[in-house]
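Printed here is query.txt (compact mmCIF, C-alpha atoms and all ligand atoms):
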```
# COMPACT_ATOMS: atom_id res chain seq x y z
CA MET R 4 0.00 0.00 0.00
CA SER R 5 2.76 2.47 0.86
CA GLN R 6 6.41 2.90 -0.08
CA GLN R 7 7.35 3.39 3.57
CA PRO R 8 9.43 0.73 5.33
CA PHE R 9 7.58 -1.75 7.53
CA LEU R 10 6.82 -0.27 10.97
CA PRO R 11 7.52 -2.97 13.59
CA PHE R 12 5.67 -2.99 16.92
CA SER R 13 8.97 -3.10 18.79
CA LYS R 14 12.69 -2.87 18.09
CA PRO R 15 15.83 -2.15 20.10
CA THR R 16 18.06 0.86 19.39
CA ILE R 17 21.71 0.56 20.42
CA ASP R 18 23.74 3.79 20.13
CA GLU R 19 27.32 4.04 18.82
CA ASP R 20 28.79 4.70 22.30
CA THR R 21 27.30 1.42 23.49
CA ILE R 22 28.60 -0.46 20.46
CA ALA R 23 32.07 0.99 21.17
CA ALA R 24 31.79 -0.03 24.86
CA VAL R 25 30.95 -3.61 23.83
CA GLY R 26 34.01 -3.58 21.55
CA GLU R 27 36.15 -2.51 24.50
CA VAL R 28 34.85 -5.38 26.62
CA LEU R 29 35.56 -7.85 23.82
CA ARG R 30 39.16 -6.56 23.53
CA SER R 31 39.72 -6.41 27.30
CA GLY R 32 40.40 -10.09 27.92
CA TRP R 33 37.46 -10.33 30.39
CA ILE R 34 34.08 -11.00 28.75
CA THR R 35 32.08 -12.86 31.42
CA SER R 36 30.83 -11.36 34.74
CA GLY R 37 33.33 -8.71 35.84
CA PRO R 38 33.71 -4.95 36.26
CA LYS R 39 30.86 -4.04 33.87
CA VAL R 40 28.40 -6.26 35.78
CA GLN R 41 29.54 -4.65 39.05
CA ALA R 42 29.11 -1.16 37.60
CA PHE R 43 25.64 -2.01 36.22
CA GLU R 44 24.55 -3.45 39.59
CA SER R 45 25.76 -0.41 41.49
CA GLN R 46 24.04 2.03 39.08
CA LEU R 47 20.80 0.06 39.33
CA SER R 48 21.09 0.00 43.12
CA ALA R 49 21.49 3.80 43.21
CA TYR R 50 18.45 4.14 40.91
CA PHE R 51 16.38 2.01 43.30
CA GLY R 52 17.19 4.19 46.30
CA GLY R 53 20.21 2.19 47.47
CA ARG R 54 18.44 -1.18 47.71
CA PRO R 55 20.70 -4.16 46.85
CA VAL R 56 20.51 -5.37 43.22
CA CYS R 57 21.79 -8.58 41.56
CA THR R 58 21.86 -9.04 37.79
CA PHE R 59 21.15 -12.31 35.95
CA ASN R 60 21.03 -13.59 32.38
CA SER R 61 17.21 -13.37 32.11
CA GLY R 62 14.17 -11.91 33.79
CA THR R 63 12.81 -15.43 34.04
CA CYS R 64 15.60 -16.83 36.23
CA THR R 65 15.48 -13.61 38.24
CA MET R 66 11.95 -14.47 39.39
CA GLU R 67 12.79 -18.12 39.94
CA ILE R 68 15.72 -17.18 42.17
CA ALA R 69 13.52 -14.78 44.17
CA LEU R 70 11.07 -17.63 44.81
CA ARG R 71 13.95 -19.90 45.90
CA ILE R 72 15.34 -17.27 48.27
CA ALA R 73 11.83 -16.98 49.75
CA GLY R 74 11.92 -20.75 50.36
CA ILE R 75 8.99 -21.48 48.02
CA GLY R 76 8.71 -25.12 46.94
CA ALA R 77 6.55 -28.25 46.87
CA GLY R 78 3.27 -27.89 48.74
CA ASP R 79 3.21 -24.09 48.46
CA GLU R 80 0.79 -22.06 46.37
CA VAL R 81 1.77 -18.90 44.50
CA ILE R 82 -0.90 -16.59 43.09
CA THR R 83 -0.43 -14.75 39.80
CA THR R 84 -2.28 -13.37 36.77
CA PRO R 85 -3.27 -15.44 33.74
CA ILE R 86 -2.41 -12.51 31.41
CA SER R 87 1.38 -12.39 31.29
CA TRP R 88 4.27 -13.93 29.44
CA VAL R 89 4.20 -17.64 30.35
CA ALA R 90 7.52 -17.23 32.23
CA THR R 91 5.61 -15.71 35.15
CA ALA R 92 3.76 -18.97 35.86
CA ASN R 93 6.46 -21.35 34.60
CA VAL R 94 8.86 -20.23 37.35
CA ILE R 95 6.31 -21.25 40.00
CA ILE R 96 6.17 -24.77 38.56
CA GLU R 97 9.97 -24.78 38.26
CA THR R 98 10.30 -24.45 42.05
CA GLY R 99 7.86 -27.33 42.65
CA ALA R 100 5.11 -25.01 43.92
CA THR R 101 1.54 -24.83 42.57
CA PRO R 102 0.45 -21.91 40.37
CA VAL R 103 -2.89 -20.34 41.29
CA PHE R 104 -4.47 -17.74 39.02
CA ALA R 105 -6.77 -14.85 39.91
CA ASP R 106 -8.71 -13.11 37.13
CA ILE R 107 -7.76 -9.66 35.88
CA ASP R 108 -9.34 -6.23 36.01
CA PRO R 109 -11.03 -5.44 32.67
CA LEU R 110 -9.62 -1.88 32.55
CA THR R 111 -6.03 -2.21 33.82
CA HIS R 112 -5.60 -5.78 32.47
CA ASN R 113 -3.62 -6.46 35.67
CA ILE R 114 -4.54 -8.92 38.44
CA ASP R 115 -7.80 -8.02 40.24
CA LEU R 116 -6.84 -7.54 43.90
CA ASP R 117 -10.28 -8.59 45.20
CA LYS R 118 -10.00 -11.86 43.30
CA LEU R 119 -6.40 -12.26 44.42
CA GLU R 120 -7.45 -11.93 48.06
CA SER R 121 -10.25 -14.51 47.58
CA ALA R 122 -7.73 -16.97 46.11
CA ILE R 123 -5.55 -16.99 49.26
CA THR R 124 -5.54 -20.31 51.16
CA PRO R 125 -3.47 -21.54 54.14
CA ARG R 126 -0.96 -22.92 51.59
CA THR R 127 -0.45 -19.58 49.81
CA LYS R 128 3.13 -18.37 50.33
CA ALA R 129 3.68 -15.71 47.68
CA ILE R 130 2.13 -13.43 45.07
CA ILE R 131 3.59 -12.53 41.67
CA PRO R 132 1.83 -9.40 40.38
CA VAL R 133 2.60 -8.29 36.81
CA TYR R 134 2.52 -4.68 35.60
CA LEU R 135 1.30 -5.28 32.07
CA ALA R 136 2.49 -2.65 29.58
CA GLY R 137 4.30 -0.95 32.48
CA LEU R 138 1.14 0.09 34.36
CA PRO R 139 1.49 -0.74 38.07
CA ILE R 140 -1.37 -2.05 40.19
CA ASP R 141 -2.53 -0.39 43.42
CA MET R 142 0.74 -0.95 45.29
CA ASP R 143 -0.58 0.22 48.68
CA ARG R 144 -3.39 -2.31 48.54
CA LEU R 145 -1.07 -5.08 47.23
CA TYR R 146 1.29 -4.71 50.19
CA ALA R 147 -1.60 -4.34 52.65
CA ILE R 148 -2.89 -7.74 51.45
CA ALA R 149 0.60 -9.28 51.54
CA ASN R 150 1.23 -8.03 55.08
CA LYS R 151 -2.18 -9.10 56.36
CA HIS R 152 -1.70 -12.67 55.10
CA GLN R 153 2.11 -12.77 55.65
CA LEU R 154 2.89 -13.45 51.99
CA ARG R 155 6.10 -12.76 50.10
CA VAL R 156 5.78 -10.67 46.94
CA VAL R 157 7.89 -11.22 43.82
CA GLU R 158 6.94 -8.29 41.61
CA ASP R 159 7.19 -9.23 37.93
CA ALA R 160 8.19 -5.72 36.91
CA ALA R 161 9.77 -7.07 33.69
CA GLN R 162 7.91 -4.36 31.74
CA ALA R 163 8.01 -1.63 34.39
CA LEU R 164 11.53 -0.16 34.51
CA GLY R 165 10.98 3.61 34.82
CA SER R 166 7.38 3.22 36.05
CA SER R 167 6.31 4.61 39.40
CA TRP R 168 3.49 4.51 41.92
CA ASN R 169 2.37 7.88 43.31
CA GLY R 170 5.83 9.38 42.90
CA LYS R 171 7.74 6.33 44.17
CA ARG R 172 9.78 4.44 41.59
CA ILE R 173 8.84 0.79 41.02
CA GLY R 174 11.75 -1.16 42.52
CA ALA R 175 12.62 1.51 45.10
CA PHE R 176 10.16 0.00 47.60
CA GLY R 177 8.42 -3.31 48.26
CA ASP R 178 9.70 -6.87 48.60
CA PHE R 179 11.47 -8.64 45.68
CA VAL R 180 11.22 -6.68 42.42
CA SER R 181 12.27 -8.38 39.19
CA PHE R 182 13.08 -6.62 35.90
CA SER R 183 13.94 -7.94 32.44
CA PHE R 184 16.42 -6.53 29.91
CA GLN R 185 15.24 -8.77 27.07
CA ALA R 186 15.66 -7.24 23.60
CA ASN R 187 12.17 -5.68 23.37
CA LYS R 188 12.01 -4.16 26.86
CA ASN R 189 12.37 -0.38 27.39
CA ILE R 190 16.08 -0.93 28.01
CA THR R 191 17.94 -4.07 26.98
CA SER R 192 21.19 -5.90 27.67
CA SER R 193 20.33 -8.20 24.70
CA GLU R 194 19.15 -10.71 27.32
CA GLY R 195 19.25 -10.22 31.06
CA GLY R 196 17.42 -9.25 34.20
CA CYS R 197 17.89 -7.86 37.67
CA LEU R 198 16.42 -8.46 41.09
CA VAL R 199 16.00 -5.81 43.77
CA LEU R 200 16.38 -7.49 47.17
CA ASN R 201 15.96 -6.56 50.83
CA ASN R 202 19.23 -7.32 52.62
CA ALA R 203 22.74 -8.75 52.50
CA GLU R 204 21.63 -12.27 53.43
CA GLU R 205 19.30 -12.37 50.39
CA VAL R 206 22.16 -11.11 48.19
CA ARG R 207 24.38 -13.91 49.49
CA LEU R 208 21.71 -16.47 48.55
CA ALA R 209 21.07 -14.85 45.15
CA GLU R 210 24.79 -15.07 44.33
CA LYS R 211 24.83 -18.75 45.28
CA TYR R 212 21.75 -19.66 43.23
CA ARG R 213 23.20 -17.63 40.35
CA LEU R 214 26.34 -19.78 40.12
CA GLN R 215 25.89 -23.47 40.90
CA GLY R 216 25.40 -22.94 44.65
CA VAL R 217 29.09 -22.18 45.07
CA THR R 218 30.63 -20.24 47.95
CA ARG R 219 34.34 -19.41 47.94
CA ASN R 220 36.74 -18.96 50.84
CA GLY R 221 40.28 -17.53 50.61
CA PHE R 222 42.42 -18.49 47.59
CA ASP R 223 41.33 -22.08 47.06
CA GLY R 224 38.37 -22.76 49.36
CA ILE R 225 35.16 -23.78 47.63
CA ASP R 226 31.95 -25.42 48.79
CA VAL R 227 28.47 -26.18 47.44
CA ASP R 228 25.59 -26.48 49.91
CA VAL R 229 22.55 -25.76 47.70
CA LEU R 230 21.64 -26.53 44.10
CA GLY R 231 22.32 -23.45 41.99
CA GLY R 232 22.33 -22.90 38.24
CA LYS R 233 24.18 -20.90 35.61
CA PHE R 234 22.42 -17.56 35.63
CA ASN R 235 25.13 -14.87 35.65
CA MET R 236 25.12 -11.86 33.33
CA THR R 237 28.20 -11.35 31.11
CA ASP R 238 30.22 -8.12 30.90
CA VAL R 239 29.26 -7.99 27.21
CA ALA R 240 25.58 -7.85 28.20
CA ALA R 241 26.26 -5.44 31.09
CA ALA R 242 28.06 -3.03 28.72
CA ILE R 243 24.91 -2.93 26.56
CA GLY R 244 22.75 -2.50 29.66
CA LEU R 245 24.91 0.38 30.96
CA GLY R 246 24.78 2.15 27.59
CA GLN R 247 20.97 1.85 27.53
CA PHE R 248 20.41 2.64 31.20
CA ALA R 249 22.20 6.01 30.77
CA HIS R 250 19.09 7.12 28.80
CA ILE R 251 16.34 5.67 30.99
CA ASP R 252 14.70 9.01 31.89
CA ALA R 253 14.69 10.24 28.29
CA ILE R 254 13.32 6.87 27.12
CA THR R 255 10.44 6.96 29.62
CA ALA R 256 9.63 10.59 28.75
CA HIS R 257 9.66 9.83 25.01
CA ARG R 258 7.35 6.83 25.39
CA ARG R 259 4.90 8.86 27.49
CA HIS R 260 4.96 11.52 24.76
CA LEU R 261 4.26 8.89 22.06
CA ALA R 262 1.40 7.47 24.14
CA GLN R 263 -0.11 10.93 24.56
CA HIS R 264 0.07 11.41 20.81
CA TYR R 265 -1.70 8.07 20.29
CA PHE R 266 -4.60 9.34 22.41
CA ALA R 267 -4.68 12.65 20.55
CA CYS R 268 -4.76 10.88 17.16
CA PHE R 269 -7.41 8.34 18.17
CA GLY R 270 -9.59 11.17 19.50
CA SER R 271 -12.17 11.09 22.25
CA ASP R 272 -14.85 9.45 20.07
CA PHE R 273 -12.64 6.54 18.96
CA THR R 274 -14.29 3.85 21.11
CA GLU R 275 -17.76 5.06 20.21
CA LYS R 276 -16.95 5.09 16.48
CA TYR R 277 -14.75 2.00 16.12
CA GLY R 278 -15.70 -0.17 19.10
CA ALA R 279 -12.11 -0.74 20.28
CA GLU R 280 -11.07 0.10 23.86
CA LEU R 281 -8.08 2.35 24.55
CA PRO R 282 -5.71 1.78 27.50
CA ILE R 283 -5.92 3.81 30.72
CA PRO R 284 -4.49 7.28 29.92
CA ASP R 285 -1.87 7.29 32.71
CA PHE R 286 1.17 9.49 32.03
CA GLN R 287 2.54 9.64 35.59
CA ASN R 288 2.92 6.00 36.65
CA SER R 289 3.22 3.95 33.45
CA ASN R 290 6.44 3.79 31.42
CA TRP R 291 4.34 2.82 28.34
CA HIS R 292 6.24 -0.35 27.61
CA LEU R 293 3.32 -1.33 25.36
CA PHE R 294 0.41 0.55 23.79
CA GLN R 295 -2.50 -1.89 23.62
CA LEU R 296 -6.05 -1.90 22.29
CA ILE R 297 -8.91 -4.28 23.03
CA LEU R 298 -10.56 -5.03 19.70
CA PRO R 299 -14.31 -5.33 19.25
CA GLU R 300 -15.70 -8.81 18.47
CA ARG R 301 -16.65 -9.19 14.80
CA THR R 302 -20.17 -9.86 13.57
CA ASP R 303 -19.10 -11.76 10.43
CA GLY R 304 -17.77 -14.78 12.31
CA LYS R 305 -14.13 -14.11 11.41
CA PRO R 306 -11.61 -14.11 14.29
CA ALA R 307 -11.25 -10.47 15.41
CA ARG R 308 -7.54 -10.42 16.19
CA ALA R 309 -6.12 -12.58 13.42
CA THR R 310 -8.14 -10.61 10.85
CA PHE R 311 -6.99 -7.28 12.30
CA MET R 312 -3.34 -8.41 12.39
CA GLU R 313 -3.50 -9.52 8.78
CA GLN R 314 -4.99 -6.15 7.70
CA MET R 315 -2.37 -4.18 9.64
CA GLN R 316 0.44 -6.31 8.22
CA ALA R 317 -0.85 -5.59 4.70
CA MET R 318 -0.69 -1.85 5.49
CA GLY R 319 2.94 -2.20 6.64
CA VAL R 320 2.31 -1.85 10.38
CA GLY R 321 3.44 -4.53 12.84
CA VAL R 322 1.10 -5.67 15.60
CA GLY R 323 1.76 -8.02 18.51
CA TYR R 324 -0.43 -9.70 21.13
CA HIS R 325 0.55 -9.70 24.79
CA TYR R 326 -0.69 -12.13 25.98
CA PRO R 327 -2.79 -15.24 25.39
CA PRO R 328 -4.13 -16.54 28.74
CA ILE R 329 -1.55 -18.82 30.37
CA HIS R 330 -4.12 -21.17 31.91
CA LEU R 331 -5.33 -22.31 28.48
CA PHE R 332 -1.93 -23.58 27.30
CA THR R 333 -1.80 -27.39 27.00
CA MET R 334 0.61 -27.81 29.90
CA TYR R 335 -1.65 -25.74 32.18
CA ARG R 336 -4.82 -27.50 31.01
CA ALA R 337 -3.08 -30.73 32.05
CA LEU R 338 -2.91 -29.24 35.57
CA GLY R 339 -6.71 -28.85 35.55
CA PHE R 340 -7.22 -25.31 34.23
CA LYS R 341 -9.91 -24.81 31.61
CA GLU R 342 -12.10 -22.34 29.71
CA GLY R 343 -14.53 -20.35 31.79
CA MET R 344 -12.33 -20.18 34.90
CA PHE R 345 -11.10 -16.61 34.28
CA PRO R 346 -13.61 -15.02 31.91
CA VAL R 347 -12.15 -11.50 31.90
CA ALA R 348 -8.66 -12.82 31.11
CA GLU R 349 -10.12 -15.04 28.39
CA ARG R 350 -11.86 -12.11 26.68
CA ILE R 351 -8.88 -9.76 26.98
CA GLY R 352 -6.48 -12.53 25.95
CA ARG R 353 -8.50 -13.11 22.78
CA LEU R 354 -8.92 -9.45 21.78
CA ILE R 355 -5.83 -7.59 23.00
CA VAL R 356 -3.36 -6.23 20.43
CA THR R 357 -0.11 -4.32 20.83
CA LEU R 358 0.54 -1.35 18.52
CA PRO R 359 4.01 -0.02 17.63
CA MET R 360 5.88 1.53 20.57
CA PHE R 361 9.67 1.65 20.72
CA ASN R 362 12.44 4.06 21.70
CA ALA R 363 13.33 5.25 18.18
CA MET R 364 9.68 5.64 17.15
CA LYS R 365 8.64 9.02 15.78
CA ILE R 366 5.46 11.04 16.15
CA SER R 367 4.79 10.46 12.43
CA ASP R 368 4.97 6.67 13.05
CA VAL R 369 2.18 7.05 15.64
CA GLU R 370 0.07 8.83 13.05
CA ARG R 371 0.71 6.08 10.50
CA ALA R 372 -0.25 3.39 13.02
CA VAL R 373 -3.47 5.18 14.02
CA ASP R 374 -4.49 5.73 10.38
CA ALA R 375 -3.98 2.00 9.75
CA VAL R 376 -6.01 1.01 12.84
CA LYS R 377 -8.91 3.24 11.78
CA CYS R 378 -8.76 1.85 8.27
CA ALA R 379 -8.74 -1.76 9.55
CA LEU R 380 -11.65 -1.21 11.96
CA LYS R 381 -13.84 0.83 9.59
C1 LIG R 401 9.87 -10.21 29.32
C2 LIG R 401 9.02 -10.71 30.40
C3 LIG R 401 9.40 -11.78 31.23
C4 LIG R 401 10.61 -12.63 30.98
O1 LIG R 401 11.80 -11.94 30.91
P1 LIG R 401 13.01 -12.64 30.12
O2 LIG R 401 14.13 -11.67 30.35
O3 LIG R 401 12.62 -12.77 28.69
O4 LIG R 401 13.28 -13.95 30.76
C5 LIG R 401 8.57 -12.13 32.26
N1 LIG R 401 7.42 -11.48 32.51
C6 LIG R 401 7.02 -10.47 31.74
C7 LIG R 401 5.74 -9.78 32.08
C8 LIG R 401 7.78 -10.06 30.65
O5 LIG R 401 7.35 -9.05 29.88
```

Written as structure tokens, how would this file's structure read?
Amino acid sequence: MSQQPFLPFSKPTIDEDTIAAVGEVLRSGWITSGPKVQAFESQLSAYFGGRPVCTFNSGTCTMEIALRIAGIGAGDEVITTPISWVATANVIIETGATPVFADIDPLTHNIDLDKLESAITPRTKAIIPVYLAGLPIDMDRLYAIANKHQLRVVEDAAQALGSSWNGKRIGAFGDFVSFSFQANKNITSSEGGCLVLNNAEEVRLAEKYRLQGVTRNGFDGIDVDVLGGKFNMTDVAAAIGLGQFAHIDAITAHRRHLAQHYFACFGSDFTEKYGAELPIPDFQNSNWHLFQLILPERTDGKPARATFMEQMQAMGVGVGYHYPPIHLFTMYRALGFKEGMFPVAERIGRLIVTLPMFNAMKISDVERAVDAVKCALK
């Protein structure tokens, strides 16, 4: 339809300084965890108000390690949302614990705290809330529930670096807070993640789980007293992360600006005219990791999302879907989950689409995406 290059829904931008810094690491003779990882951890710690931070090679293992530090295992229940990347629930199973889902709020698309509270049993040990698209939940209420029932919280803030709650940065308060630096996140280390922890004892455990359960003593002392894995971040990855993290405030501001322009272009009568729901217009708390619409159901029997995605693709605009409901995947059905259990998540999971939103995106790209959406939904 147009001569313009395809507009993806997400893509990383790595600047020349960062590429040069990676080159330096590669020439330095030390490419695995070293001074760059230490520098990245200390910058992240400063950003989160001085709380201790450990880096890892994914956001997924970051959450798994937090659950292990909290002593979660067989016989324990962990409550989370069905609308997230499947990693959020997989890590619960990985520890031997039982995943329990609570349905989502139809407007925020995040876990519904009333339903979360009703799902608590004597076996519940932890909660994993997810801040979909970077929009936090009611953090005061979350921690009131956690304190009342003595539950640990592992915040899956994979999408929420740069987000805040009433002026407090996500990660600067709370229990465990896990972030991801996967390629499509607001900042990337190609792959990677970090965990904000509470104290030195938790850091000691995180470091053990990160590297085979090893503790070292003096020049040649070594022991293993727990089962750890191979989860450390490399200096190559940390150099990318440092180069990206230097721009975090500008990145968040730019994404909020793009989101505001989306709203301006859609206009206040968009839902009335086209039937699709816009996200919550929050420009204080959310970092706008994703800009998502809920499509209207179709009357012609065709699948709403697949049809929309095909139309957008034909107009040169990339669209994603984040996420299909976890409980309906085959492995989760085998655990006893089925259709009808979380009706809001099932509707949102079927109709949610992600429009283009990335750091190098321009205002004119927003306009192109909105024109294509209106054309597809006409
Ligand atoms: C990206 C993401 C993860 C997983 O992070 P990885 O670094 O890819 O392991 C988990 N949860 C959510 C909500 C995510 O967006």

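When all atoms listed in the file are used to compute distances to Ile355 (chain R), the closest of the residues R:Ser87, R:Ser166, R:Thr65, R:Asn288 turns out to be R:Ser87.
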
Exercise answer, 6 Å around ligand LIG 401 (chain R) with all atoms listed in the file, as a VMD selection string: chain R and resid 61 to 63 87 to 88 90 to 91 133 159 161 to 162 183 to 185 194 to 196

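Nearest to Asp18 (chain R) of all the residues R:Ile140, R:Ala242, R:Val320, R:Ala149 is R:Ala242, counting only C-alpha atoms.
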
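Among the candidates R:Ala42, R:Leu200, R:Ala175, R:Leu119, the residue lying nearest to Ile68 (chain R) is R:Leu200 (atoms considered: all atoms listed in the file).
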
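Within 9 Å of the point (9.8, 6.0, 7.9) in file coordinates, and counting only C-alpha atoms, lie the residues R:Gln7, R:Pro8, R:Phe9, R:Leu10, R:Lys365, R:Ser367, R:Asp368.
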
From R:Asp117, R:Glu204, R:Asp272, R:Asp226, residue lying nearest Lys377 (chain R) [all atoms listed in the file]: R:Asp272

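Distance-wise, CA of Gly170 (chain R) and CA of Arg259 (chain R) end up 15.4 Å apart.
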
Non-local contacts of Ala379 (chain R) (12 Å; only C-alpha atoms; under 5 positions in same chain excluded) as a PyMOL selection string: chain R and resi 277-279+298-299+307-318+320+372-374

Sorted per-residue table, region 290-335 of chain R near region 96-103 of chain R, closest atoms and distance, 12 Å, only C-alpha atoms, as a Markdown table:
```
| residue | atom | partner | partner_atom | distance |
| --- | --- | --- | --- | --- |
| R:Ile329 | CA | R:Pro102 | CA | 10.7 |
| R:His330 | CA | R:Val103 | CA | 9.5 |
| R:Met334 | CA | R:Ile96 | CA | 10.7 |
| R:Tyr335 | CA | R:Pro102 | CA | 9.3 |
```

Output C-alpha atoms for every residue in the selection just made, as a PDB file, in the frame of the given file.
```pdb
ATOM      1  CA  ILE R 329      -1.550 -18.820  30.370  1.00  0.00           C
ATOM      2  CA  HIS R 330      -4.120 -21.170  31.910  1.00  0.00           C
ATOM      3  CA  MET R 334       0.610 -27.810  29.900  1.00  0.00           C
ATOM      4  CA  TYR R 335      -1.650 -25.740  32.180  1.00  0.00           C
TER       5      TYR R 335
END
```

Residues near Gly232 (chain R), cut-off 12 Å, only C-alpha atoms, skip fewer than 4 positions along chain, as a ChimeraX atom specification: /R:59-60,64-65,67-68,71,209-217,227

Contact residues around Arg54 (chain R) with all atoms listed in the file at 10 Å, ignoring same-chain residues under 3 positions, as a list of chain:residue names: R:Ser45, R:Leu47, R:Ser48, R:Ala49, R:Tyr50, R:Phe51, R:Gly174, R:Ala175, R:Phe176, R:Val199, R:Leu200, R:Asn201, R:Asn202, R:Ala203

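Residue nearest Phe294 (chain R) within the list R:Val322, R:Ile34, R:Val28, R:Leu110: R:Val322 [criterion: smallest interatomic distance, only C-alpha atoms].
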
Pairwise distance for CA of Ala249 (chain R) and CA of His264 (chain R), rounded to one decimal in Å: 24.9 Å

Option closest in space to Leu358 (chain R), from R:Gly244, R:Gly224, R:Pro11, R:Gly270 [counting all atoms listed in the file]: R:Pro11

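Taking CA of Gln41 (chain R) and CA of Cys57 (chain R) as endpoints, the distance between them is 9.0 Å.
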
Output as a short mmCIF file (atom, residue, chain, number, x, y, z; two decimals), in the frame of the given file: region 152-158 of chain R, completed with all heavy atoms.
```cif
data_model
loop_
_atom_site.label_atom_id
_atom_site.label_comp_id
_atom_site.auth_asym_id
_atom_site.auth_seq_id
_atom_site.Cartn_x
_atom_site.Cartn_y
_atom_site.Cartn_z
N HIS R 152 -1.73 -11.20 55.21
CA HIS R 152 -1.70 -12.67 55.10
C HIS R 152 -0.28 -13.23 55.18
O HIS R 152 -0.07 -14.42 54.93
CB HIS R 152 -2.36 -13.10 53.78
CG HIS R 152 -3.80 -12.71 53.69
ND1 HIS R 152 -4.83 -13.48 54.19
CD2 HIS R 152 -4.39 -11.60 53.18
CE1 HIS R 152 -5.98 -12.87 53.98
NE2 HIS R 152 -5.75 -11.73 53.36
N GLN R 153 0.70 -12.36 55.51
CA GLN R 153 2.11 -12.77 55.65
C GLN R 153 2.61 -13.50 54.41
O GLN R 153 3.13 -14.62 54.49
CB GLN R 153 2.26 -13.67 56.87
CG GLN R 153 1.68 -13.04 58.12
CD GLN R 153 2.59 -13.23 59.31
OE1 GLN R 153 3.25 -14.25 59.45
NE2 GLN R 153 2.65 -12.23 60.17
N LEU R 154 2.45 -12.86 53.25
CA LEU R 154 2.89 -13.45 51.99
C LEU R 154 4.10 -12.69 51.46
O LEU R 154 4.20 -11.47 51.62
CB LEU R 154 1.76 -13.37 50.95
CG LEU R 154 0.44 -13.99 51.36
CD1 LEU R 154 -0.61 -13.74 50.28
CD2 LEU R 154 0.60 -15.48 51.61
N ARG R 155 5.02 -13.42 50.82
CA ARG R 155 6.10 -12.76 50.10
C ARG R 155 5.56 -12.27 48.77
O ARG R 155 4.64 -12.86 48.21
CB ARG R 155 7.28 -13.73 49.84
CG ARG R 155 7.99 -14.24 51.06
CD ARG R 155 8.54 -13.16 51.95
NE ARG R 155 9.54 -12.26 51.40
CZ ARG R 155 10.86 -12.42 51.51
NH1 ARG R 155 11.36 -13.47 52.12
NH2 ARG R 155 11.70 -11.52 51.02
N VAL R 156 6.16 -11.20 48.26
CA VAL R 156 5.78 -10.67 46.94
C VAL R 156 7.02 -10.72 46.05
O VAL R 156 8.09 -10.28 46.45
CB VAL R 156 5.27 -9.21 47.04
CG1 VAL R 156 4.92 -8.67 45.66
CG2 VAL R 156 4.06 -9.13 47.96
N VAL R 157 6.86 -11.30 44.86
CA VAL R 157 7.89 -11.22 43.82
C VAL R 157 7.25 -10.41 42.70
O VAL R 157 6.43 -10.93 41.95
CB VAL R 157 8.33 -12.61 43.32
CG1 VAL R 157 9.35 -12.46 42.19
CG2 VAL R 157 8.88 -13.46 44.45
N GLU R 158 7.56 -9.13 42.63
CA GLU R 158 6.94 -8.29 41.61
C GLU R 158 7.56 -8.63 40.25
O GLU R 158 8.77 -8.54 40.09
CB GLU R 158 7.19 -6.80 41.91
CG GLU R 158 6.56 -6.33 43.21
CD GLU R 158 6.83 -4.83 43.46
OE1 GLU R 158 6.91 -4.06 42.49
OE2 GLU R 158 6.97 -4.46 44.64
#
```
